[in-house]
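Novice: Got a structure here, written out as structure tokens. Questions coming.
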Amino acid sequence: MTRFANTGSLIRLALRRDRLLMTAWTGVFVTMARVSAGGTVGLYPTTESRIAAANTINNARALNALYGRIYDPTSLGAVAMIKMGGLGSVFVALLAIAIITRHTRADEEAGRTELLGSTATGRFAPLAAALATAAITSAIVGAFTAAALILAGLPVDGSVVFGLAWMSVGIAFAAIAAVVAQVTTSGRSTTAISGAILGVVYVVRAMGDVASEAGPRWLVWLSPIGWAQQFRPYAGNRWWVLVVTGGFAIATAGLAFGLAARRDMYTGLIPERPGPEFASPRLRSPAALSWRLNRSALLGWLTGFVLVGALLGNLATTVADFFNNPSARDFFLKLGGEKILVDAYFAVEMSIAALIASAFGIQIIARLRSEETAERADPILATGVSRTRWVMSYLVVALAGSTGLMLISGGAAGVTYGIQKNDLGQVWRILGAAAAHIPAIWVMVGIALAAFGLLPRLTSAGWAVLVGFILLSELGPLLSLDQWVMNISPFAHTPKLPGGTFSVTPLLALGAVALGLALTGLAGARSRDIG
């Protein structure tokens with residue numbers, strides 16, 4: 001029997017298990033690209049308008065760091081897809097990481113890989129099937145996205161290259177996650193470390209894009225996200241970059257197989273440290289245990305938010321360059337704040353940070369479900385710990401952790417900006433802007449908890465809701481959606497600070513909604529069966 005025996009059967013099984021995930025996410029990506037293209041095409045009907053918009057973006061370091069550069073100012077497609085080229089690639093990478101984690105470490109933790117190993121299945125078959133599933137999913141996303149862009153009226157060749165760029169990011173990060181899965185010992189660690197790598201390469205790409213012509217622009221070639229942008233769809237269509245991404249993916253996947261041959265089932269190349277013989281007295285409560293289990297993830301998120309906050313504060317001084325264009329000024333003001341342009345910049349960036357911080361809260365609530373399905377909740381609930389105390393221990397971490405992320409991000413941005421302006425009073429203004437989004441984040445945590453309590457199999461619906469709100473936030477202004485549609489998102493009700501009008505009423509309303517959702521989730525968890 002070869003090491004790849006029955007790989008085809010496992011691929012078919014994985015595709016069947018992921019059919020809903022693939023369909024849903026492909027629909028999300030296609031909608032994002034199609035709506036972004038359709039909403040932007042009409043904004044730049046002439047070559048002059050496209051050149052003006054492209055020059056405005058290319059001269060703003062803040063936007064270069066977030067989205068990249070426009071390499072052909074005359075190209076409608078290059079201007080229309082600048083945002084999706086950068087941020088869209090991140091979402092494709094996250095999908096690939098999720099697929100690899102699900103079919104490698106998660107299956108191994110659940111015992112499914114060992115069960116398959118008892119049949120006529122090769123040692124490398126599960127890993128090969130996971131990589132193939134991620135590659136197929138990435139190819140489907142790329143193909144349907146290219147078709148959607150063509151239907152939106154963009155050039156065929158550029159649309160195909162754009163789809164290839166997204167596909168290449170997914171395949172590259174699938175290979176990266178496959179390597180990480182051999183090093184770590186849990187699916188949670190695989191996801192966390194792979195996500196951290198994604199954050200690092202995004203920052204590396206940003207550093208290359210904000211560099212001057214004499215600076216280290218070559219840094220974009222050290223990042224898979226940078227490679228995707230170097231395909232330059234609609235601006236030269238560099239098909240040959242596929243050789244770079246393909247070579248990297250093949251080499252990295254080969255490394256993953258080599259590492260897989262050198263470890264045992266349920267272990268990683270970095271072994272887990274043995275715990276103490278007796279538990280610390282500090283672990284006698286469910287709250288202490290929840291903190292112990294989630295503290296590493298929280299510290300990782302906090303580190304990322306500090307770095308991003310400091311970067312945003314540093315780039316704030318370049319915002320004035322972007323707003324030399326009156327149309328760009330009006331566009332950005334519609335998205336975010338009022339009165340002062342820098343305030344508008346921070347208002348938008350804090351809104352984006354709030355959406356990302358919500359992901360942490362949802363992640364912690366989702367772990368409640370994983371603890372339940374893995375039967376690790378049973379020993380806890382078999383003691384004197386009530387279901388309410390157990391659920392509350394995770395809810396407190398989710399709420400306090402997401403709150404801390406916003407405060408530390410706002411504080412870091414305020415400190416770096418205040419130092420540059422010799423006005424540390426800016427710290428409190430920007431910190432307040434970050435804090436204004438906390439009730440909306442709590443609503444997202446409440447939605448996830450309500451799903452866990454009432455319909456536990458749909459706990460992951462919190463992620464779908466978050467993606468929907470991200471789409472509303474990113475694409476709503478471009479499509480000029482009715483305000484009632486925008487108001488579906490809790491983030492539409494937070495004050496646009498700094499610079500906007502502050503009102504405590506919507507914050508109290510959001511807090512009341514979050515409380516109601518949390519109580520609903522707690523009541524559901526108390527009354528339903530566990531397992």
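By convention in this document, the chains of the structure tokens carry letters A, B, ... by their order, each chain's residues are numbered from 1, and ligands are numbered from 1 in the order they are shown.
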Could you find all residues in region 91-283 of chain A that DSSP calls helix (DSSP H, G or I) from the backbone, and write them as an NGL selection string?
Specialist: :A and (91-110 or 112-117 or 125-151 or 156-183 or 187-210 or 217-222 or 224-230 or 241-260 or 281-283)
Novice: What is the CA of Val467 (chain A)-CA of Leu315 (chain A) distance in Å, reported with one decimal?
Specialist: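 Atom-to-atom, CA of Val467 (chain A) to CA of Leu315 (chain A), that is 26.6 Å.
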Novice: Give me, as a compact mmCIF listing (two decimals) with N, CA and C atoms, in the first residue's frame, all polymer residues having an atom no more than 8 Å from region 77-79 of chain A, counting only C-alpha atoms and skipping those fewer than 2 positions away in the same chain.
Specialist:
```txt
# COMPACT_ATOMS: atom_id res chain seq x y z
N ALA A 37 -17.06 45.84 -7.99
CA ALA A 37 -16.82 46.27 -9.37
C ALA A 37 -17.99 47.09 -9.90
N VAL A 41 -17.49 51.03 -11.01
CA VAL A 41 -17.33 51.30 -12.44
C VAL A 41 -17.96 52.63 -12.82
N ARG A 50 -10.27 58.48 -13.60
CA ARG A 50 -9.55 57.32 -13.07
C ARG A 50 -8.12 57.70 -12.67
N ALA A 53 -8.24 59.57 -9.37
CA ALA A 53 -8.49 58.67 -8.24
C ALA A 53 -7.26 57.83 -7.93
N ALA A 54 -6.61 57.32 -8.99
CA ALA A 54 -5.43 56.47 -8.78
C ALA A 54 -4.29 57.26 -8.15
N ILE A 70 -2.01 51.15 -7.11
CA ILE A 70 -2.61 51.02 -8.44
C ILE A 70 -1.50 51.21 -9.46
N TYR A 71 -1.26 50.18 -10.27
CA TYR A 71 -0.10 50.20 -11.17
C TYR A 71 -0.42 50.76 -12.55
N ASP A 72 -1.69 50.90 -12.87
CA ASP A 72 -2.07 51.53 -14.14
C ASP A 72 -3.20 52.52 -13.85
N PRO A 73 -2.89 53.81 -13.67
CA PRO A 73 -3.93 54.79 -13.31
C PRO A 73 -5.03 54.93 -14.35
N SER A 75 -6.47 52.42 -15.96
CA SER A 75 -7.26 51.20 -16.03
C SER A 75 -8.46 51.26 -15.10
N MET A 81 -10.90 47.55 -8.48
CA MET A 81 -10.66 46.36 -7.67
C MET A 81 -9.50 46.54 -6.68
N ILE A 82 -9.06 47.76 -6.45
CA ILE A 82 -7.93 47.97 -5.55
C ILE A 82 -8.23 47.46 -4.15
N LEU A 154 -15.85 44.31 -16.83
CA LEU A 154 -14.41 44.49 -16.81
C LEU A 154 -13.75 43.59 -17.86
N PRO A 155 -12.54 43.92 -18.31
CA PRO A 155 -11.87 43.14 -19.36
C PRO A 155 -11.70 41.67 -18.97
N GLY A 158 -7.96 40.63 -17.71
CA GLY A 158 -7.69 41.11 -16.36
C GLY A 158 -8.53 40.39 -15.32
N ARG A 232 -0.90 41.97 -10.93
CA ARG A 232 -1.31 43.23 -11.56
C ARG A 232 -2.46 43.05 -12.55
N PRO A 233 -3.60 42.52 -12.08
CA PRO A 233 -4.75 42.39 -12.97
C PRO A 233 -5.21 43.76 -13.46
N TYR A 234 -5.55 43.82 -14.73
CA TYR A 234 -5.99 45.05 -15.41
C TYR A 234 -4.86 46.08 -15.54
N ALA A 235 -3.65 45.72 -15.14
CA ALA A 235 -2.55 46.68 -15.18
C ALA A 235 -1.25 46.00 -15.63
```
Novice: Could you give me, as a PyMOL selection string, the residues within 6 Å of Arg205 (chain A), counting only C-alpha atoms and dropping anything in the same chain fewer than 6 positions from it?
Specialist: chain A and resi 220+223+226
Novice: Export N, CA and C atoms of the chosen residues as a compact mmCIF listing (two decimals), in the first residue's frame?
Specialist:
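Everything below was put into out.txt:
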```
# COMPACT_ATOMS: atom_id res chain seq x y z
N VAL A 220 7.45 43.46 -0.98
CA VAL A 220 6.19 42.86 -1.44
C VAL A 220 6.41 41.47 -1.99
N SER A 223 5.94 38.30 0.45
CA SER A 223 4.61 38.04 1.00
C SER A 223 3.69 37.43 -0.05
N GLY A 226 1.46 39.98 -1.22
CA GLY A 226 2.14 40.83 -2.20
C GLY A 226 2.22 40.18 -3.56
```
Novice: One decimal, in Å: what's the spacing between CA of Thr303 (chain A) and CA of Asp423 (chain A)?
Specialist: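 Straight-line distance from CA of Thr303 (chain A) to CA of Asp423 (chain A) works out to 24.7 Å.
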Novice: Give me the residues near Pro498 (chain A) as a PyMOL selection string, where near means some atom within 10 Å (using only C-alpha atoms) and where sequence neighbours in that chain fewer than 2 positions away do not count.
Specialist: chain A and resi 336-340+342-348+350+426+428-434+436+495-496+500-502
Novice: Hey, which of A:Gly468, A:Gly524, A:Gly142, A:Gly384 ends up closest to Ala450 (chain A)? Count only C-alpha atoms.
Specialist: A:Gly524
Novice: Residues near Ala96 (chain A), anyone? I mean within 6 Å using only C-alpha atoms, not counting same-chain ones fewer than 3 positions away, as a PDB file with N, CA and C atoms, in the first residue's frame.
Specialist:
```
ATOM      1  N   ALA A  93      -7.360  33.623   2.066  1.00  0.00           N
ATOM      2  CA  ALA A  93      -6.349  32.926   2.866  1.00  0.00           C
ATOM      3  C   ALA A  93      -6.966  32.319   4.123  1.00  0.00           C
ATOM      4  N   ILE A  99     -10.006  25.325   6.054  1.00  0.00           N
ATOM      5  CA  ILE A  99     -10.173  24.014   5.422  1.00  0.00           C
ATOM      6  C   ILE A  99      -9.055  23.069   5.830  1.00  0.00           C
ATOM      7  N   ALA A 134      -8.524  22.227  -0.376  1.00  0.00           N
ATOM      8  CA  ALA A 134      -8.280  23.670  -0.304  1.00  0.00           C
ATOM      9  C   ALA A 134      -7.950  24.238  -1.676  1.00  0.00           C
ATOM     10  N   GLY A 170      -5.016  31.445  -1.864  1.00  0.00           N
ATOM     11  CA  GLY A 170      -5.610  30.320  -1.156  1.00  0.00           C
ATOM     12  C   GLY A 170      -4.710  29.100  -1.145  1.00  0.00           C
ATOM     13  N   ALA A 174      -2.870  27.484   2.094  1.00  0.00           N
ATOM     14  CA  ALA A 174      -3.189  26.097   2.414  1.00  0.00           C
ATOM     15  C   ALA A 174      -1.900  25.327   2.704  1.00  0.00           C
TER      16      ALA A 174
END
```
Novice: Using only C-alpha atoms for the distances, tell me which of A:His103, A:Arg188, A:Arg217, A:Arg12 is nearest to Glu371 (chain A).
Specialist: A:Arg188
Novice: Do you know which residues are at most 7 Å from Arg34 (chain A) counting only C-alpha atoms, after dropping those on the same chain fewer than 6 positions away, and could you put them as a list in words?
Specialist: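 Listing them by chain and then by number gives Ala148, Leu149 and Ala152 of chain A.
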Novice: Keeping only N, CA and C atoms, write those residues as a compact mmCIF listing (two decimals), in the first residue's frame.
Specialist:
```txt
# COMPACT_ATOMS: atom_id res chain seq x y z
N ALA A 148 -17.76 36.63 -12.57
CA ALA A 148 -18.57 37.74 -12.08
C ALA A 148 -18.01 39.08 -12.52
N LEU A 149 -16.69 39.22 -12.53
CA LEU A 149 -16.08 40.48 -12.95
C LEU A 149 -16.27 40.71 -14.44
N ALA A 152 -19.57 41.99 -14.96
CA ALA A 152 -19.68 43.38 -14.50
C ALA A 152 -19.15 44.37 -15.52
```
Novice: I'd like to know which of A:Val308, A:Gly313, A:Ala357, A:Thr184 is closest to Gln420 (chain A), using only C-alpha atoms.
Specialist: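 Among the listed residues, A:Gly313 lies closest to Gln420 (chain A).
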Novice: Would you please work out which residue, of A:Val156, A:Leu517, A:Ile352, A:Ala525, is nearest to Leu454 (chain A) when using only C-alpha atoms?
Specialist: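 Looking at the shortest contact to Leu454 (chain A), the residue is A:Ala525.
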